[in-house]
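What follows is a single structure, written as structure tokens, with notes after it.
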There are 2 protein chains.
Amino acid sequence: MVTMADVAREAGVSVMTVSNVINDRLPVGEPTRARVLAAIDALGYEVNLTARHLRAGRTETVAFVVPGFHDYFGEVADQIAPLIEAAGRHLVLERTNAVAEQELAALSVARLRLYDGVIVSVAGLDTESLAAVRTAKPIVLLGERDVPDRFDHVRLANEEGARLATAHMIARGSRRIIALGATHEVGRTMATDRRAGWERAHREAGLDVDQRYIVPVTGYATRHAHDAVLDVIASGLPFDGVFAVSDAVAFGAIAALAEAGLRVPDDVQVTGFDNLDLANFVPPGLTSIDAGHAEVAATTVDLLHRRMAGWTGPAEHVVQPVRLVVRGSTR
Amino acid sequence: MVTMADVAREAGVSVMTVSNVINDRLPVGEPTRARVLAAIDALGYEVNLTARHLRAGRTETVAFVVPGFHDYFGEVADQIAPLIEAAGRHLVLERTNAVAEQELAALSVARLRLYDGVIVSVAGLDTESLAAVRTAKPIVLLGERDVPDRFDHVRLANEEGARLATAHMIARGSRRIIALGATHEVGRTMATDRRAGWERAHREAGLDVDQRYIVPVTGYATRHAHDAVLDVIASGLPFDGVFAVSDAVAFGAIAALAEAGLRVPDDVQVTGFDNLDLANFVPPGLTSIDAGHAEVAATTVDLLHRRMAGWTGPAEHVVQPVRLVVRGSTR
DNA sequence: CTGTTAGCGCATTCAA
DNA sequence: TTGAATGCGCTAACAG
């Protein structure tokens with residue numbers, strides 16, 4: 001392990017001069033600089049980032065803490081990465097598996113200290129646990145749960161999106177619309193907010209809200225969505241629309257409908273939420289609510305950068321507007 | 001920033017005693033331990049991981065360096081994460097955007113030192129650049145490019161997979177099969193290996209290999225695959241099968257075929273490669289080559305763990321076997 | 001322009 | 001069982 005001291009010895013200078021050459025801090029005489037660079041090259045020296053971090057108190061690294069690496073969060077992360085890099089920092093992803101303890105661990109003082117800033121996509125933690133997090137580290141929360149006021153937070157217009165999608169299917173003739181992936185539970189989560197929008201669309205259209213049409217999906221997994229729709233079909237409950245709380249859930253519905261011989265959108269209209277890239281390509285094209293990944297990423301990173309720059313104003317709670325993108329799965 | 005020294009002062013003991021309590025290293029008397037724990041609690045002390053890393057020379061962290069966070073790599077990462085965590089370490093993801101310079105930077109001595117081990121999915125680096133990487137850090141390469149012998153490496157049976165998929169479509173009656181996402185280039189990459197399998201299936205069936213049926217796809221993106229297939233249709237080149245080099249590419253083909261009014265599999269059979277979760281759910285179900293994510297992850301992590309445990313034997317080059325998973329997109 | 005001193009927070013080594 | 005000294009590798013502040 002070659003250190004600065006080795007380089008200094010090789011170049012016949014002091015350690016500080018090596019440091020100054022590497023960091024362009026204080027001016028260094030040209031011949032000295034050349035000797036140092038030659039020594040660095042000869043020894044293959046590279047800085048020890050851990051030591052630099054300890055000394056500097058900064059890591060020039062931002063963490064994005066996600067429930068899982070794939071699907072939605074992977075797409076968002078790919079949007080966030082270039083924005084972080086544009087500011088000269090690194091982005092790393094950590095995974096919590098949507099487990100509250102792991103999310104809490106990621107927000108521990110110890111782990112936070114490894115980063116200059118953290119973006120957390122909260123999936124498992126409730127407001128009280130979050131409120132107990134004590135740190136001055138710049139943090140921005142991203143996600144659909146309620147969070148304590150003092151955190152910067154970016155969420156989507158969940159209820160409005162669900163209302164848009166559902167109203168669109170009602171306008172196009174659907175009358176019995178399943179809320180796939182929604183929940184009977186109370187509280188404020190992605191699933192409750194989107195159920196509320198589904199309900200509101202019904203009320204605004206003067207239609208009854210039938211609780212039997214709320215069909216939960218374990219873990220919002222495509223496979224479970226698929227199975228749930230087949231179960232509904234088998235149960236005989238009549239339906240002519242599916243409002244899926246996410247595109248991944250919608251894909252499961254589309255597959256199940258195809259297997260059951262039901263045509264989309266002629267027999268059953270389907271809408272999703274997230275507007276994943278694949279929504280364009282899964283036949284007949286998935287009508288979806290566009291959450292504007294790029295805008296969400298930009299808003300989130302802006303808030304974080306502001307905090308990292310020392311901004312101490314009150315926390316912001318941004319609700320990202322959404323829009324309906326109509327494709328072949330609705331009429 | 002509360003440090004061990006603060007805790008020591010509060011508890012009226014030395015810094016070393018605090019360290020011993022925290023790390024369970026040397027035995028500490030029960031009353032002393034209680035005082036220390038009380039002080040830790042009172043002050044809200046948490047260890048400074050950066051300092052620990054510098055002192056210990058280990059970080060208990062493994063990095064998985066990927067071209068991008070979404071799709072295939074996100075799915076693989078989700079498989080790798082629990083295996084790393086089972087060994088008591090953290091996994092973090094870093095992204096290179098498939099750019100050679102960024103991959104090289106990720107393999108620099110400086111960045112490597114932040115981790116106890118690194119898994120790299122090489123996309124942009126050629127063999128020579130990799131050969132120049134000088135480090136004793138445990139590294140396992142994951143991916144379809146050729147790599148220098150001295151690196152542990154896990155790759156898929158690309159040619160065999162492509163041969164299986166193509167031969168399957170030939171056996172089911174296809175005679176003009178597009179190699180979508182393949183390349184005319186030479187060298188050894190994912191695209192050339194899979195093209196070779198496509199060619200071999202033709203030769204083994206006594207069919208001509210027509211170079212016009214090699215259709216590259218920019219960045220293996222679904223959108224570009226979609227556009228490329230529409231271009232082929234517009235060109236009038238007749239075809240009755242599509243061997244897509246990845247599932248993402250295959251999804252683009254399926255969408256394009258649907259738009260053009262061609263039926264899958266009746267008019268055109270389609271196969272993919274990767275067997276993504278969604279291959280089950282994109283109607284009519286995508287026949288694909290199963291790369292065994294879980295097995296690939298297990299193999300890769302095994303190699304890495306062995307290196308991290310100090311194994312210094314010769315590098316292993318594992319070719320992960322593949323199998324054909326038949327679904328509705330082929331007859 | 002270059003070198004010396006000091007210390008970031010922790011844990012290994014040795015002494016008490 | 002506990003404490004003191006020491007240094008991991010680097011850089012801020014100051015001295016020369």
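Starting from 1 in every chain, residues are counted up; chains themselves are A, B, ... following the order of the structure tokens, and ligands are numbered from 1 as listed.
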
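Residues in contact with region 6-16 of chain C at up to 8 Å, not including ones fewer than 3 positions away on its chain and judged by only C-alpha atoms (C1' of nucleotides), are Leu54, Arg55, Ala56 and Gly57 of chain A; Thr3, Met4, Met16, Ser19, Asn48, Ala51, Arg52, Arg55 and Ala56 of chain B; DG3 of chain D.
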
Practice task
Starting from chain B, keep only residues with some atom at most 12 Å from an atom of chain D, counting only C-alpha atoms (C1' of nucleotides), and report them as a list in words.
Solution key: Ala8, Gly12, Val13, Ser14, Val15, Met16, Thr17, Val18, Ser19, Asn20, Val21, Leu26, Pro27, Val28, Gly29, Glu30, Pro31, Thr32, Arg33, Thr50, Ala51, Arg52, His53, Leu54, Arg55, Ala56, Gly57 and Arg58 of chain B

Handout entry: Proximal residues of chain C relative to chain A (only C-alpha atoms (C1' of nucleotides); 7 Å) as a PyMOL selection string
Key = chain C and resi 1-3+8

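The strand (DSSP E) portion of region 145-239 of chain A consists of A:Asp152, A:His153, A:Val154, A:Arg155, A:Leu156, A:Ile177, A:Ile178, A:Ala179, A:Leu180, A:Ile214, A:Val215, with states taken from DSSP on the backbone.
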
File dump, residues just selected, C-alpha atoms, as a PDB file, in the first residue's frame:
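Generated file (result.pdb):
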```pdb
ATOM      1  CA  ASP A 152     -37.834  17.774   2.763  1.00  0.00           C
ATOM      2  CA  HIS A 153     -40.187  15.491   0.919  1.00  0.00           C
ATOM      3  CA  VAL A 154     -41.174  14.817  -2.659  1.00  0.00           C
ATOM      4  CA  ARG A 155     -44.285  12.842  -3.402  1.00  0.00           C
ATOM      5  CA  LEU A 156     -46.575  12.360  -6.365  1.00  0.00           C
ATOM      6  CA  ILE A 177     -63.694  -0.744 -12.162  1.00  0.00           C
ATOM      7  CA  ILE A 178     -61.394  -2.816  -9.991  1.00  0.00           C
ATOM      8  CA  ALA A 179     -58.899  -0.922  -7.816  1.00  0.00           C
ATOM      9  CA  LEU A 180     -56.076  -3.418  -8.233  1.00  0.00           C
ATOM     10  CA  ILE A 214     -60.910  -3.101  -3.957  1.00  0.00           C
ATOM     11  CA  VAL A 215     -58.478  -5.946  -4.663  1.00  0.00           C
TER      12      VAL A 215
END
```

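If only C-alpha atoms are the atoms counted, then among B:His224, B:Arg176, B:Arg203, B:His293 the closest residue to Leu237 (chain B) is B:Arg176.
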
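Proximity to Val99 (chain B) at 9 Å, evaluated using only C-alpha atoms (C1' of nucleotides) and with sequence-adjacent residues fewer than 2 positions away removed, yields Pro67, Thr96, Asn97, Glu101, Gln102, Glu103, Leu104, Ala123, Gly124 and Leu125 of chain B.
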
Exercise for the section: Among the residues of region 2-119 of chain B, find those DSSP assigns to helix (DSSP H, G or I) from the backbone and print them as a PyMOL selection string. Expected result: chain B and resi 4-11+15-23+30-43+49-56+71-86+100-106+109-112

Practice task
Find the residues in chain B near chain A: any atom within 9 Å counts, using only C-alpha atoms. Write them as a PyMOL selection string.
Solution key: chain B and resi 45-51+53-54+68-78+81+90-95+97+108-111+113-114+222-223+226+248+251-256+258-259+277-278+280-285

With C-alpha atoms retained, could you export that selection as a short mmCIF file (atom, residue, chain, number, x, y, z; two decimals), in the first residue's frame?
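Output file part-v5.cif is given in full below:
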```
data_model
loop_
_atom_site.label_atom_id
_atom_site.label_comp_id
_atom_site.auth_asym_id
_atom_site.auth_seq_id
_atom_site.Cartn_x
_atom_site.Cartn_y
_atom_site.Cartn_z
CA TYR B 45 -23.08 8.29 20.44
CA GLU B 46 -22.60 6.29 17.25
CA VAL B 47 -19.32 5.06 15.90
CA ASN B 48 -17.61 7.01 13.13
CA LEU B 49 -17.39 4.43 10.39
CA THR B 50 -14.89 6.40 8.37
CA ALA B 51 -12.45 6.44 11.26
CA HIS B 53 -12.44 2.02 8.23
CA LEU B 54 -9.19 3.94 8.20
CA GLY B 68 -27.10 1.15 -15.27
CA PHE B 69 -29.37 0.63 -12.30
CA HIS B 70 -32.50 -0.53 -14.07
CA ASP B 71 -33.70 -3.68 -15.79
CA TYR B 72 -31.33 -6.60 -15.87
CA PHE B 73 -28.74 -5.30 -13.47
CA GLY B 74 -31.30 -4.19 -10.96
CA GLU B 75 -32.73 -7.68 -10.94
CA VAL B 76 -29.31 -9.28 -10.54
CA ALA B 77 -28.41 -6.81 -7.81
CA ASP B 78 -31.53 -7.74 -5.88
CA ALA B 81 -27.75 -8.22 -2.03
CA HIS B 90 -23.29 -4.19 3.03
CA LEU B 91 -23.83 -4.02 -0.69
CA VAL B 92 -23.78 -0.73 -2.53
CA LEU B 93 -24.37 -0.15 -6.22
CA GLU B 94 -22.36 2.20 -8.38
CA ARG B 95 -23.20 3.11 -11.93
CA ASN B 97 -23.30 4.40 -17.56
CA SER B 108 -8.99 2.62 -9.65
CA VAL B 109 -6.98 1.84 -6.57
CA ALA B 110 -8.58 4.79 -4.83
CA ARG B 111 -12.16 3.75 -5.36
CA ARG B 113 -10.01 0.90 -1.39
CA LEU B 114 -13.45 1.98 -0.23
CA THR B 222 -36.62 -1.41 -26.23
CA ARG B 223 -37.58 1.71 -28.15
CA HIS B 226 -39.22 -1.43 -31.78
CA ALA B 248 -35.88 -5.87 -23.44
CA PHE B 251 -40.44 -6.54 -25.97
CA GLY B 252 -39.75 -3.86 -28.56
CA ALA B 253 -40.15 -6.43 -31.32
CA ILE B 254 -43.45 -7.71 -29.92
CA ALA B 255 -44.81 -4.19 -29.74
CA ALA B 256 -43.74 -3.41 -33.30
CA ALA B 258 -48.52 -5.90 -32.93
CA GLU B 259 -48.60 -2.41 -34.43
CA ASP B 277 -39.74 -11.55 -14.65
CA LEU B 278 -41.86 -9.71 -17.19
CA ASN B 280 -44.11 -14.25 -18.04
CA PHE B 281 -46.50 -11.38 -18.35
CA VAL B 282 -46.07 -9.68 -21.68
CA PRO B 283 -48.71 -11.38 -23.83
CA PRO B 284 -48.48 -13.93 -25.30
CA GLY B 285 -45.63 -14.75 -22.90
#
```
